[in-house]
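Participant: So here's entry01.csv, just CSV, C-alpha atoms:
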chain,number,residue,atom,x,y,z
A,1,MET,CA,-11.0,10.1,19.7
A,2,ALA,CA,-8.1,12.0,21.3
A,3,ALA,CA,-8.4,12.9,24.9
A,4,SER,CA,-7.6,16.6,24.1
A,5,ASP,CA,-10.4,16.8,21.5
A,6,VAL,CA,-12.9,19.1,23.1
A,7,ARG,CA,-16.3,19.5,21.2
A,8,PRO,CA,-19.1,22.0,21.8
A,9,TYR,CA,-21.5,19.2,22.6
A,10,LEU,CA,-21.7,16.1,24.7
A,11,ILE,CA,-19.9,12.9,23.5
A,12,PRO,CA,-19.8,9.4,25.0
A,13,ALA,CA,-16.9,8.2,27.1
A,14,ALA,CA,-14.1,6.6,25.1
A,15,ASP,CA,-14.8,3.1,26.4
A,16,THR,CA,-18.3,3.0,25.1
A,17,VAL,CA,-16.9,2.4,21.6
A,18,LYS,CA,-14.0,0.0,21.1
A,19,GLY,CA,-12.5,-0.6,17.6
A,20,SER,CA,-10.2,-3.5,17.0
A,21,SER,CA,-7.0,-3.2,15.0
A,22,TRP,CA,-7.4,-3.5,11.3
A,23,SER,CA,-6.6,-6.7,9.5
A,24,ARG,CA,-5.9,-7.4,5.8
A,25,PHE,CA,-7.1,-10.3,3.6
A,26,VAL,CA,-4.1,-12.0,2.1
A,27,ASP,CA,-4.1,-15.4,0.3
A,28,GLY,CA,-7.4,-16.4,1.8
A,29,GLU,CA,-6.6,-15.5,5.3
A,30,TRP,CA,-7.0,-12.4,7.6
A,31,GLU,CA,-3.7,-11.2,9.0
A,32,PRO,CA,-2.9,-8.1,11.2
A,33,LEU,CA,-2.3,-4.9,9.4
A,34,GLY,CA,0.8,-2.9,10.4
A,35,GLU,CA,1.9,0.6,9.5
A,36,ALA,CA,2.9,-0.3,6.0
A,37,ILE,CA,2.2,-2.9,3.3
A,38,GLU,CA,5.4,-4.4,2.0
A,39,ASN,CA,5.9,-4.9,-1.7
A,40,TRP,CA,2.7,-3.0,-2.5
A,41,ASP,CA,2.0,-1.6,-6.0
A,42,TYR,CA,-0.9,0.3,-7.4
A,43,ARG,CA,-2.5,-2.8,-8.9
A,44,THR,CA,-2.8,-4.6,-5.5
A,45,GLU,CA,-6.3,-4.6,-4.2
A,46,LEU,CA,-6.8,-4.0,-0.5
A,47,LYS,CA,-9.5,-5.7,1.5
A,48,LEU,CA,-9.5,-4.6,5.2
A,49,ARG,CA,-11.6,-5.6,8.2
A,50,CYS,CA,-12.2,-4.5,11.7
A,51,THR,CA,-14.5,-5.2,14.6
A,52,ILE,CA,-16.5,-2.7,16.6
A,53,ASN,CA,-17.9,-3.2,20.1
A,54,VAL,CA,-20.3,-0.6,21.2
A,55,ASP,CA,-22.5,0.1,24.3
A,56,THR,CA,-25.4,1.5,22.4
A,57,LEU,CA,-27.4,2.6,25.5
A,58,SER,CA,-24.4,4.4,27.0
A,59,VAL,CA,-23.6,6.1,23.8
A,60,ARG,CA,-27.1,7.6,23.6
A,61,SER,CA,-27.5,8.4,27.3
A,62,GLN,CA,-24.1,10.0,27.7
A,63,SER,CA,-24.6,12.1,24.6
A,64,ASN,CA,-28.2,13.0,25.5
A,65,LEU,CA,-29.3,11.5,22.2
A,66,ASP,CA,-31.8,9.0,23.6
A,67,ASP,CA,-34.6,10.6,21.6
A,68,GLY,CA,-34.1,8.3,18.7
A,69,SER,CA,-31.9,10.6,16.7
A,70,PRO,CA,-30.3,8.6,13.8
A,71,LEU,CA,-26.7,7.7,14.6
A,72,ALA,CA,-24.4,5.6,12.3
A,73,PHE,CA,-20.8,4.5,11.9
A,74,HIS,CA,-19.0,5.5,8.8
A,75,PHE,CA,-15.9,3.6,7.7
A,76,GLY,CA,-13.7,4.9,4.9
A,77,TRP,CA,-10.3,6.2,3.8
A,78,ARG,CA,-8.6,9.2,2.3
A,79,ALA,CA,-5.4,9.5,0.4
A,80,LEU,CA,-2.9,11.6,2.4
A,81,ASP,CA,-0.9,12.8,-0.6
A,82,THR,CA,-3.6,13.3,-3.3
A,83,PHE,CA,-6.4,14.2,-0.8
A,84,LEU,CA,-8.9,11.9,-2.6
A,85,VAL,CA,-11.6,10.5,-0.3
A,86,GLY,CA,-12.9,7.0,-0.9
A,87,PRO,CA,-16.5,5.8,-0.5
A,88,THR,CA,-17.6,4.9,3.0
A,89,GLN,CA,-19.3,1.9,4.5
A,90,ARG,CA,-22.3,2.9,6.7
A,91,VAL,CA,-23.5,0.9,9.6
A,92,PRO,CA,-26.5,2.2,11.7
A,93,LEU,CA,-26.0,2.3,15.4
A,94,SER,CA,-27.8,-0.8,16.7
A,95,ASP,CA,-25.7,-4.0,17.1
A,96,LYS,CA,-23.4,-4.3,20.1
A,97,GLN,CA,-20.7,-6.0,18.1
A,98,PHE,CA,-20.2,-6.1,14.3
A,99,ASP,CA,-17.5,-6.6,11.7
A,100,VAL,CA,-17.0,-4.2,8.7
A,101,VAL,CA,-15.0,-4.8,5.5
A,102,VAL,CA,-13.6,-2.0,3.5
A,103,ASP,CA,-12.4,-2.4,-0.1
A,104,ILE,CA,-9.9,0.1,-1.3
A,105,ASP,CA,-9.4,0.9,-5.0
A,106,PRO,CA,-5.6,0.9,-5.4
A,107,GLN,CA,-5.8,3.2,-8.4
A,108,TYR,CA,-6.8,6.1,-6.1
A,109,ALA,CA,-5.0,5.2,-2.9
A,110,GLY,CA,-1.8,7.1,-3.6
A,111,ALA,CA,1.4,6.6,-1.5
A,112,SER,CA,-0.3,6.5,1.8
A,113,ILE,CA,-3.9,6.6,3.2
A,114,ALA,CA,-5.7,7.2,6.5
A,115,LEU,CA,-8.3,4.6,7.5
A,116,THR,CA,-11.1,6.4,9.2
A,117,ARG,CA,-13.9,5.3,11.6
A,118,ARG,CA,-16.5,7.7,12.8
A,119,LEU,CA,-19.8,7.6,14.7
A,120,VAL,CA,-21.9,10.6,13.6
A,121,LEU,CA,-25.3,12.2,13.9
A,122,GLU,CA,-27.0,11.8,10.6
A,123,ARG,CA,-29.8,14.4,10.8
A,124,ASP,CA,-30.2,17.9,12.1
A,125,ARG,CA,-32.1,18.1,15.5
A,126,LEU,CA,-34.7,20.8,15.6
A,127,SER,CA,-34.8,21.5,19.4
A,128,PRO,CA,-31.6,20.3,21.1
A,129,LEU,CA,-30.9,21.3,24.6
A,130,PRO,CA,-27.7,23.3,25.4
A,131,GLY,CA,-24.7,21.0,25.1
A,132,GLU,CA,-26.3,18.5,22.8
A,133,ALA,CA,-25.2,17.7,19.2
A,134,ARG,CA,-27.4,19.6,16.8
A,135,HIS,CA,-26.1,19.4,13.2
A,136,ALA,CA,-26.0,16.4,10.9
A,137,GLY,CA,-22.4,15.2,10.6
A,138,SER,CA,-21.5,15.9,14.3
A,139,ILE,CA,-18.9,13.4,15.3
A,140,LEU,CA,-19.4,11.6,18.5
A,141,TRP,CA,-16.5,9.1,18.2
A,142,SER,CA,-13.7,8.7,15.8
A,143,ASP,CA,-10.2,7.3,15.2
A,144,GLU,CA,-7.9,6.9,12.2
A,145,GLN,CA,-4.8,5.0,11.3
A,146,ALA,CA,-2.2,6.0,8.7
A,147,LEU,CA,-1.1,3.2,6.3
A,148,ARG,CA,1.9,3.6,4.1
A,149,LEU,CA,1.5,1.9,0.7
A,150,THR,CA,4.7,2.8,-1.0
A,151,GLY,CA,8.3,3.4,0.0
A,152,SER,CA,11.2,5.4,-1.5
A,153,GLU,CA,12.5,2.4,-3.5
A,154,ALA,CA,11.3,1.6,-7.0
A,155,MET,CA,8.0,-0.3,-7.2
A,156,PHE,CA,7.4,-3.4,-9.2
A,157,PRO,CA,3.8,-3.4,-10.4
A,158,THR,CA,3.2,-6.6,-12.3
A,159,GLU,CA,0.9,-7.8,-15.1
A,160,VAL,CA,0.6,-11.2,-16.7
A,161,VAL,CA,0.4,-10.6,-20.5
A,162,ASP,CA,0.7,-12.3,-23.8
A,163,PHE,CA,4.3,-11.7,-24.7
A,164,GLU,CA,3.7,-12.1,-28.5
A,165,ALA,CA,1.0,-9.4,-28.3
A,166,PHE,CA,3.6,-7.1,-26.7
A,167,GLY,CA,6.3,-7.9,-29.2
A,168,ILE,CA,8.4,-9.7,-26.6
A,169,ASP,CA,10.1,-13.1,-27.2
A,170,ARG,CA,7.6,-15.7,-26.0
A,171,GLY,CA,10.5,-17.8,-24.6
A,172,ALA,CA,11.3,-15.2,-21.9
A,173,SER,CA,9.8,-15.5,-18.4
A,174,TRP,CA,9.6,-11.8,-17.6
A,175,HIS,CA,10.2,-8.4,-19.1
A,176,LEU,CA,10.8,-5.1,-17.2
A,177,ARG,CA,9.5,-2.0,-19.0
A,178,MET,CA,11.7,0.9,-18.1
A,179,PRO,CA,10.8,4.7,-18.3
A,180,SER,CA,12.0,6.6,-21.3
A,181,SER,CA,13.2,9.5,-19.1
A,182,PRO,CA,14.8,9.7,-15.6
A,183,ASP,CA,12.3,12.6,-14.9
A,184,GLU,CA,9.2,10.4,-15.0
A,185,PRO,CA,7.5,10.0,-11.6
A,186,ALA,CA,8.7,7.0,-9.6
A,187,MET,CA,5.2,5.8,-8.9
A,188,GLY,CA,4.3,3.4,-11.7
A,189,ALA,CA,7.5,4.1,-13.7
A,190,LEU,CA,8.3,0.4,-14.0
A,191,LEU,CA,6.0,-2.3,-15.2
A,192,LEU,CA,7.0,-6.0,-14.8
A,193,LEU,CA,5.5,-8.2,-17.4
A,194,ILE,CA,5.1,-11.9,-16.6
A,195,ASN,CA,4.8,-14.5,-19.3
A,196,PRO,CA,1.7,-16.7,-18.7
A,197,LEU,CA,3.5,-19.6,-20.3
A,198,ASP,CA,5.8,-19.7,-17.2
A,199,THR,CA,3.1,-21.0,-14.9
A,200,LYS,CA,5.4,-21.6,-12.0
A,201,LEU,CA,6.7,-18.1,-12.0
A,202,VAL,CA,3.1,-16.7,-12.4
A,203,LYS,CA,2.0,-18.6,-9.3
A,204,ALA,CA,5.0,-17.6,-7.3
A,205,VAL,CA,4.6,-13.9,-8.1
A,206,GLN,CA,0.9,-13.8,-7.5
A,207,LYS,CA,1.3,-15.4,-4.0
A,208,GLU,CA,1.9,-13.0,-1.2
A,209,LYS,CA,3.0,-15.4,1.5
A,210,ASN,CA,3.6,-19.1,2.3
A,211,HIS,CA,5.7,-19.7,-0.8
A,212,THR,CA,7.1,-23.1,-1.4
A,213,ASP,CA,10.9,-23.4,-1.5
A,214,GLU,CA,10.8,-23.5,-5.3
A,215,GLN,CA,8.6,-20.5,-5.5
A,216,LEU,CA,10.8,-18.5,-3.1
A,217,VAL,CA,13.8,-19.2,-5.2
A,218,LEU,CA,12.1,-18.1,-8.4
A,219,VAL,CA,11.0,-14.8,-6.8
A,220,GLN,CA,14.4,-14.2,-5.2
A,221,GLU,CA,16.3,-14.8,-8.4
A,222,MET,CA,14.0,-12.5,-10.3
A,223,GLU,CA,14.5,-9.8,-7.6
A,224,GLU,CA,18.3,-10.0,-8.1
A,225,ASP,CA,17.9,-9.6,-11.8
A,226,LEU,CA,15.5,-6.7,-11.4
A,227,VAL,CA,17.9,-4.9,-9.2
A,228,GLU,CA,20.6,-5.5,-11.7
A,229,GLU,CA,18.5,-4.0,-14.5
A,230,ILE,CA,17.7,-0.9,-12.5
A,231,VAL,CA,21.3,-0.4,-11.3
A,232,ARG,CA,22.7,-0.8,-14.9
A,233,TRP,CA,20.1,1.7,-16.1
A,234,SER,CA,21.3,4.1,-13.4
A,235,LEU,CA,24.9,3.8,-14.4
A,236,ALA,CA,24.0,4.5,-18.0
A,237,HIS,CA,22.3,7.7,-16.9
A,238,TRP,CA,24.5,8.5,-13.9
A,239,GLU,CA,25.4,12.1,-14.8
A,240,GLU,CA,21.7,13.0,-15.3
A,241,LEU,CA,20.4,11.5,-12.1
A,242,GLU,CA,21.9,13.9,-9.5
A,243,ASP,CA,19.6,16.8,-10.6
A,244,CYS,CA,16.4,14.7,-10.9
A,245,ASP,CA,13.4,15.6,-8.7
A,246,ARG,CA,13.4,13.5,-5.6
A,247,GLU,CA,10.0,12.0,-6.6
A,248,SER,CA,11.2,10.9,-10.0
A,249,PHE,CA,12.3,7.5,-11.1
A,250,GLY,CA,15.8,8.8,-11.7
A,251,ALA,CA,16.2,9.8,-8.1
A,252,ALA,CA,14.8,6.4,-6.9
A,253,ALA,CA,17.1,4.5,-9.2
A,254,ARG,CA,20.1,6.5,-8.1
A,255,GLY,CA,19.2,5.9,-4.5
A,256,LEU,CA,19.0,2.1,-5.1
A,257,ALA,CA,22.4,2.1,-6.9
A,258,LEU,CA,24.0,4.0,-4.0
A,259,ARG,CA,22.7,1.4,-1.6
A,260,VAL,CA,23.8,-1.6,-3.7
A,261,LEU,CA,27.3,-0.4,-4.9
A,262,ASP,CA,30.0,1.1,-2.8
A,263,ASP,CA,30.9,3.7,-5.5
A,264,PRO,CA,28.6,3.7,-8.5
A,265,SER,CA,30.4,6.6,-10.2
A,266,ALA,CA,33.5,4.3,-10.4
A,267,TRP,CA,31.7,2.1,-13.0
A,268,THR,CA,32.3,4.0,-16.2
A,269,ALA,CA,31.0,2.9,-19.5
A,270,GLU,CA,34.4,1.4,-20.3
A,271,SER,CA,34.7,-0.5,-17.0
A,272,VAL,CA,31.1,-1.9,-17.4
A,273,LEU,CA,31.9,-3.3,-20.8
A,274,GLY,CA,35.3,-4.6,-19.7
A,275,SER,CA,34.2,-6.1,-16.4
A,276,SER,CA,30.5,-6.9,-16.8
A,277,MET,CA,30.7,-10.1,-14.7
A,278,ASP,CA,32.4,-8.2,-11.9
A,279,LEU,CA,29.7,-5.6,-12.0
A,280,ARG,CA,27.0,-8.3,-11.8
A,281,SER,CA,28.7,-9.9,-8.8
A,282,SER,CA,28.9,-6.6,-7.0
A,283,ILE,CA,25.2,-5.8,-7.7
A,284,VAL,CA,24.0,-9.2,-6.6
A,285,ALA,CA,26.0,-9.1,-3.4
A,286,GLY,CA,24.8,-5.5,-2.7
A,287,ALA,CA,21.2,-6.4,-3.5
A,288,ARG,CA,21.4,-9.4,-1.0
A,289,SER,CA,22.9,-7.1,1.6
A,290,ILE,CA,19.8,-4.9,1.6
A,291,GLY,CA,17.2,-7.7,1.6
A,292,TYR,CA,16.7,-8.4,-2.1
A,293,GLY,CA,17.4,-11.8,-3.7
A,294,ARG,CA,18.6,-15.0,-2.2
A,295,LEU,CA,20.6,-15.4,1.0
A,296,LEU,CA,23.6,-17.7,1.0
A,297,SER,CA,22.5,-19.5,4.2
Written as structure tokens, how would this file's structure read?
Facilitator:
Amino acid sequence: MAASDVRPYLIPAADTVKGSSWSRFVDGEWEPLGEAIENWDYRTELKLRCTINVDTLSVRSQSNLDDGSPLAFHFGWRALDTFLVGPTQRVPLSDKQFDVVVDIDPQYAGASIALTRRLVLERDRLSPLPGEARHAGSILWSDEQALRLTGSEAMFPTEVVDFEAFGIDRGASWHLRMPSSPDEPAMGALLLLINPLDTKLVKAVQKEKNHTDEQLVLVQEMEEDLVEEIVRWSLAHWEELEDCDRESFGAAARGLALRVLDDPSAWTAESVLGSSMDLRSSIVAGARSIGYGRLLS
């Protein structure tokens, strides 16, 4: 709780409740959670954990709530762009130390969320003394952390599907579904389909860290090809993209092309057809320069 946060009732000192940093469950291990999750898409499930250390006696005595009033921690999240509020995990005030795990449904998370932790009074008090919390929901301690789940670049949500059922050549390893219009929202505009017959690629894509050298090469080569597909799409729609809404896929694709190529507008339809390999070389080099694809050393 911020030091400048003044409430009309007594609250415990800040050091009576200590919350650890959040961690995230990735590939069977818990790892520290930063300010953003790289390569996130709206199909990525989030499992987060934190530890709380609390001096229960001090919390009650310093708040003048040692009459047995029900107190509990509530852990949850809310989407900062859509304002949706997720379900909370409730833990009654009792143990001095405990862990809590929060599962976040990615379909409702939006582009960024706030992770919330609160200690609240759970029932109205009939005869409180002046300066004591009275109403259910009164917050005695709280903190929150913003977590960014998407960036300005295009996202690559993935699904492993039967290619024949989708009318795609079953000999292909992957297929990128592009939006029909540049004005479609950037969030979820692309869908990367993976062929389950390419078991090595499936394992590489589904793994978030600790890739083998072979898996890393597979992912990096696919990244280069994905960037090329988006940049070529951008060049084919270039005159339309400048006026696109900044949240649209067209704007995101144009931004990527500007980062990858020195002068995208110089690649006219005629030059693309006449120098397709030159364009590919420029795109791959540009993609590598901004962190996509395989480095030369």
Participant: Please list, as a list of chain:residue names, the residues that have an atom at most 9 Å away from (-1.5, -7.1, -17.4) in the coordinates of this file, counting all atoms listed in the file.
Facilitator: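 The residues that fall inside the cut-off are A:Thr158, A:Glu159, A:Val160, A:Val161, A:Asp162, A:Leu192, A:Leu193, A:Ile194.
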Participant: Once you count only C-alpha atoms, what closest atom pair and distance in Å to one decimal does each residue of segment 111-148 of chain A within 6 Å of segment 70-81 of chain A have, with rows by chain and rising residue number, as a Markdown table?
Facilitator:
| residue | atom | partner | partner_atom | distance |
| --- | --- | --- | --- | --- |
| A:Ser112 | CA | A:Leu80 | CA | 5.8 |
| A:Ile113 | CA | A:Ala79 | CA | 4.3 |
| A:Ala114 | CA | A:Trp77 | CA | 5.4 |
| A:Leu115 | CA | A:Trp77 | CA | 4.5 |
| A:Thr116 | CA | A:Gly76 | CA | 5.2 |
| A:Arg117 | CA | A:Phe75 | CA | 4.7 |
| A:Arg118 | CA | A:His74 | CA | 5.2 |
| A:Leu119 | CA | A:Phe73 | CA | 4.3 |
| A:Val120 | CA | A:Leu71 | CA | 5.7 |
| A:Leu121 | CA | A:Leu71 | CA | 4.8 |
| A:Glu122 | CA | A:Pro70 | CA | 5.6 |
Participant: With distances taken over only C-alpha atoms, which residue among A:Ala252, A:Pro32, A:Trp141, A:Phe166 lies nearest Val6 of chain A?
Facilitator: A:Trp141
Participant: Taking (-23.6, 21.5, 10.4) in the file's own coordinates, collect the residues within 12 Å, counting all atoms listed in the file, and hand them back as a PyMOL selection string.
Facilitator: chain A and resi 120-125+133-139
Participant: Hey, can you check how far atom CA of Ser173 of chain A sits from atom CA of Arg280 of chain A?
Facilitator: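 Those two atoms sit 19.8 Å apart.
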Participant: Please compute the atom CA of Thr16 of chain A-atom CA of Ser127 of chain A distance, one decimal, in Å.
Facilitator: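 Between these atoms lies a distance of 25.4 Å.
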Participant: Can you work out which one of A:Ser282, A:Ser248, A:Ser289, A:Ser23 has the shortest atom-to-atom distance to Asp183 of chain A, counting all atoms listed in the file?
Facilitator: A:Ser248
Participant: From the options A:Arg24, A:Arg170, A:Arg60, A:Arg177, which residue's atoms come nearest to Val100 of chain A, counting only C-alpha atoms?
Facilitator: A:Arg24
Participant: Of the residues A:Gly286, A:Glu132, A:Val59, A:Thr44, which is the one nearest to Gln107 of chain A, using only C-alpha atoms?
Facilitator: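 Closest candidate: A:Thr44.
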Participant: To one decimal place, how far is atom CA of Thr88 of chain A from atom CA of Leu126 of chain A in Å?
Facilitator: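 So the answer is 26.5 Å.
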Participant: Please list as a short mmCIF file (atom, residue, chain, number, x, y, z; two decimals) with C-alpha atoms, keeping the file's coordinate frame every residue within 7 Å of Leu241 of chain A, counting only C-alpha atoms and excluding residues in the same chain fewer than 5 positions away.
Facilitator:
data_model
loop_
_atom_site.label_atom_id
_atom_site.label_comp_id
_atom_site.auth_asym_id
_atom_site.auth_seq_id
_atom_site.Cartn_x
_atom_site.Cartn_y
_atom_site.Cartn_z
CA PRO A 182 14.80 9.70 -15.60
CA GLY A 250 15.80 8.80 -11.70
CA ALA A 251 16.20 9.80 -8.10
CA ARG A 254 20.10 6.50 -8.10
#
Participant: Give me the residues within 8 Å of Ala204 of chain A as JSON, numbers by chain, counting all atoms listed in the file and dropping any in the same chain fewer than 2 places off.
Facilitator: {"A": [200, 201, 202, 206, 207, 211, 215, 216, 218, 219]}
Participant: Could you check which of A:Glu242, A:Ala186, A:Val217, A:Gln62 is closest to Leu296 of chain A, using all atoms listed in the file?
Facilitator: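 Smallest separation from Leu296 of chain A among the options: A:Val217.
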Participant: If we count only C-alpha atoms, what is near Leu57 of chain A at a cut-off of 10 Å, once residues fewer than 5 positions away on the same chain are taken out, given as a PyMOL selection string?
Facilitator: chain A and resi 16+62-63+65-66+94+96
Participant: Which residues are near Trp238 of chain A? Cut-off 12 Å, all atoms listed in the file, ignore same chain within fewer than 4 positions. Put them as a PyMOL selection string.
Facilitator: chain A and resi 182+230-234+242-244+250-251+253-255+257-258+263-269
